[in-house]
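Heads up, the thing below is written out as structure tokens.
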Amino acid sequence: MAEPGLCERALDVLAEPDAREKARKSRAHAAAWRAAREAGHAEPGEAAPPDAPARPARPELLDPREMPKRRRGGVQGRVALLHAIAHIELNAIDLHWDMAARFAGEGLPPGFADDWVSAADDEAKHFGLLADRLEALGSSYGALPAHAGMWRAAEETKGDLLARLAIVPMVLEARGLDVTPGMVAAFEAAGDEESAAALRVIQAEEVAHVAYGSKWFNFLCGRRNEDPKPAFHALVRRHFPGGPKPPFAEAARAEAGLPPDFYWPLVESETLRDRGTGNS
């Protein structure tokens with residue numbers, strides 16, 4: 001029997017509705033892809049990714065404006081935060097497999113697929129860490145509602161690889177670099193070292209995902225003879241109105257290949273005015 005191609009592997013993950021099984025398949029297919037690459041018989045395949053991935057019956061997905069205000073403090077507050085992050089990580093599994101498969105025919109070097117398969121493997125590991133913590137705290141993934149806006153970036157950029165790279169890794173995942181240290185500190189302050197340790201793993205590995213986005217964004221701009229910085233600014237203004245919000249983890253962003261002149265010019269003038277007057 002022929003070895004599944006990259007696109008067939010992606011489709012198997014994207015079509016899986018069960019969250020734990022999706023994560024398991026992601027890790028298994030990533031390991032098999034690496035083995036096939038080392039053996040010299042990895043093929044892109046031909047399966048087209050769906051417009052949207054399969055999802056479990058729970059959590060209930062709500063419009064972001066309808067999401068209940070997250071509880072703060074105590075075990076329930078920590079559970080709510082872990083659940084929100086787990087939902088992001090589950091979506092990221094699908095986003096990265098979709099990236100690898102949807103743009104497989106764009107004539108990119110093999111390292112493009114390798115990077116996004118590796119990122120999908122990481123996200124599956126992250127989801128597992130967070131799902132385990134939820135269960136240790138007496139809850140589970142799906143026990144709380146989650147917002148339905150995570151896939152909109154994929155829908156918005158499904159026909160434009162440069163836009164997908166700009167919005168998903170270079171804006172959305174870069175935001176994770178900004179906010180995760182504060183979440184780690186909050187869990188440490190609550191004495192929840194296990195959850196803090198899981199988030200530290202996520203923080204360290206997400207730097208690489210943003211770096212993949214920056215690397216391939218710059219590669220494509222070079223191929224198209226475009227200046228990356230104005231190209232990034234134009235795509236973010238078109239597909240992510242409002243732009244990124246400070247404060248920024250500038251050291252982590254720099255490590256990932258995102259210099260300040262990529263994102264600071266996109267900050268809305270109102271935000272900058274508030275910073276200048278000391279408001280938040």
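Every chain in the structure tokens has a letter given in the order shown (A, B, ...), and although residue numbers restart at 1 in each chain, ligands are simply numbered from 1 in the order shown.
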Can you pull out every residue within 6 Å of A:Ala54, counting only C-alpha atoms, but drop anything in the same chain fewer than 6 positions away, and send it as a list in words?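 In the requested form, the answer reads Ala15, Glu16 and Pro17 of chain A.
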Those selected residues, please, written with C-alpha atoms and delivered as a PDB file, in the first residue's frame.
```
ATOM      1  CA  ALA A  15     -11.396  15.549   9.229  1.00  0.00           C
ATOM      2  CA  GLU A  16     -11.063  14.190  12.801  1.00  0.00           C
ATOM      3  CA  PRO A  17     -13.747  15.646  15.127  1.00  0.00           C
TER       4      PRO A  17
END
```
Let's see if you can do this: from backbone DSSP, list all alpha helix (DSSP H) residues in stretch 148-219 of chain A, as a PyMOL selection string. chain A and resi 152-156+161-167+174-189+193-219
Could you please take those selected residues and save C-alpha atoms as a short mmCIF file (atom, residue, chain, number, x, y, z; two decimals), in the first residue's frame?
```cif
data_model
loop_
_atom_site.label_atom_id
_atom_site.label_comp_id
_atom_site.auth_asym_id
_atom_site.auth_seq_id
_atom_site.Cartn_x
_atom_site.Cartn_y
_atom_site.Cartn_z
CA ARG A 152 -11.78 33.18 10.43
CA ALA A 153 -8.15 34.02 9.72
CA ALA A 154 -7.85 30.81 7.71
CA GLU A 155 -11.02 31.54 5.76
CA GLU A 156 -9.92 35.11 5.11
CA LEU A 161 -0.20 32.31 1.18
CA LEU A 162 1.54 35.62 1.90
CA ALA A 163 -1.56 36.84 3.76
CA ARG A 164 -1.85 33.55 5.67
CA LEU A 165 1.77 33.84 6.84
CA ALA A 166 1.29 37.46 7.85
CA ILE A 167 -1.89 36.92 9.85
CA ALA A 174 3.11 36.50 17.89
CA ARG A 175 0.38 37.71 20.24
CA GLY A 176 0.89 34.53 22.22
CA LEU A 177 4.51 35.53 22.78
CA ASP A 178 3.26 38.79 24.31
CA VAL A 179 0.67 37.40 26.71
CA THR A 180 2.04 34.03 27.84
CA PRO A 181 4.66 35.36 30.30
CA GLY A 182 1.91 37.14 32.24
CA MET A 183 -0.15 33.96 32.35
CA VAL A 184 2.85 31.99 33.59
CA ALA A 185 3.30 34.53 36.38
CA ALA A 186 -0.39 34.28 37.32
CA PHE A 187 -0.24 30.49 37.63
CA GLU A 188 2.98 30.70 39.63
CA ALA A 189 1.36 33.21 41.99
CA GLU A 193 3.44 25.11 39.06
CA GLU A 194 2.23 22.28 36.80
CA SER A 195 0.17 24.67 34.66
CA ALA A 196 2.96 27.25 34.69
CA ALA A 197 5.41 24.60 33.47
CA ALA A 198 3.08 23.64 30.60
CA LEU A 199 2.82 27.28 29.54
CA ARG A 200 6.60 27.70 29.67
CA VAL A 201 6.94 24.80 27.21
CA ILE A 202 4.36 26.45 24.96
CA GLN A 203 6.08 29.84 25.14
CA ALA A 204 9.47 28.41 24.18
CA GLU A 205 8.12 26.45 21.22
CA GLU A 206 5.82 29.15 19.88
CA VAL A 207 8.86 31.32 19.13
CA ALA A 208 9.80 28.82 16.41
CA HIS A 209 6.32 28.98 14.86
CA VAL A 210 6.47 32.77 14.55
CA ALA A 211 9.97 32.36 13.13
CA TYR A 212 8.65 29.94 10.48
CA GLY A 213 6.13 32.57 9.45
CA SER A 214 8.73 35.30 9.26
CA LYS A 215 11.17 33.09 7.35
CA TRP A 216 8.69 32.03 4.66
CA PHE A 217 7.13 35.49 4.44
CA ASN A 218 10.53 36.96 3.67
CA PHE A 219 11.30 34.10 1.27
#
```
Determine, counting only C-alpha atoms, which protein, DNA and RNA residues have an atom within 9 Å of an atom of A:Trp33; residues of the same chain fewer than 5 positions away are not included. Present the result as a list in words.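 Surrounding residues, per the criterion: Gly5, Leu6, Arg9, Ala28, Glu38, Ala42, Asp114 and Val117 of chain A.
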Give me, as number ranges by chain, all polymer residues having an atom no more than 9 Å from A:Ala23, counting only C-alpha atoms and skipping those fewer than 4 positions away in the same chain. A: 13, 18-19, 27-28, 90, 93, 120-121, 123-125, 127-128
Quick one: pick out all strand (DSSP E) residues within stretch 53-259 of chain A from a backbone DSSP run and write them as a PDB file with N, CA and C atoms, in the first residue's frame.
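Saved as out34.pdb:
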```
ATOM      1  N   LEU A  61     -19.568  26.605  20.535  1.00  0.00           N
ATOM      2  CA  LEU A  61     -18.818  27.698  19.912  1.00  0.00           C
ATOM      3  C   LEU A  61     -19.713  28.930  19.799  1.00  0.00           C
ATOM      4  N   LEU A  62     -19.231  30.039  20.341  1.00  0.00           N
ATOM      5  CA  LEU A  62     -19.987  31.285  20.367  1.00  0.00           C
ATOM      6  C   LEU A  62     -19.255  32.369  19.588  1.00  0.00           C
ATOM      7  N   ALA A 146     -16.472  28.182  23.950  1.00  0.00           N
ATOM      8  CA  ALA A 146     -15.265  28.743  23.336  1.00  0.00           C
ATOM      9  C   ALA A 146     -15.691  29.604  22.158  1.00  0.00           C
ATOM     10  N   HIS A 147     -14.812  30.514  21.763  1.00  0.00           N
ATOM     11  CA  HIS A 147     -15.240  31.410  20.688  1.00  0.00           C
ATOM     12  C   HIS A 147     -14.991  30.797  19.320  1.00  0.00           C
TER      13      HIS A 147
END
```
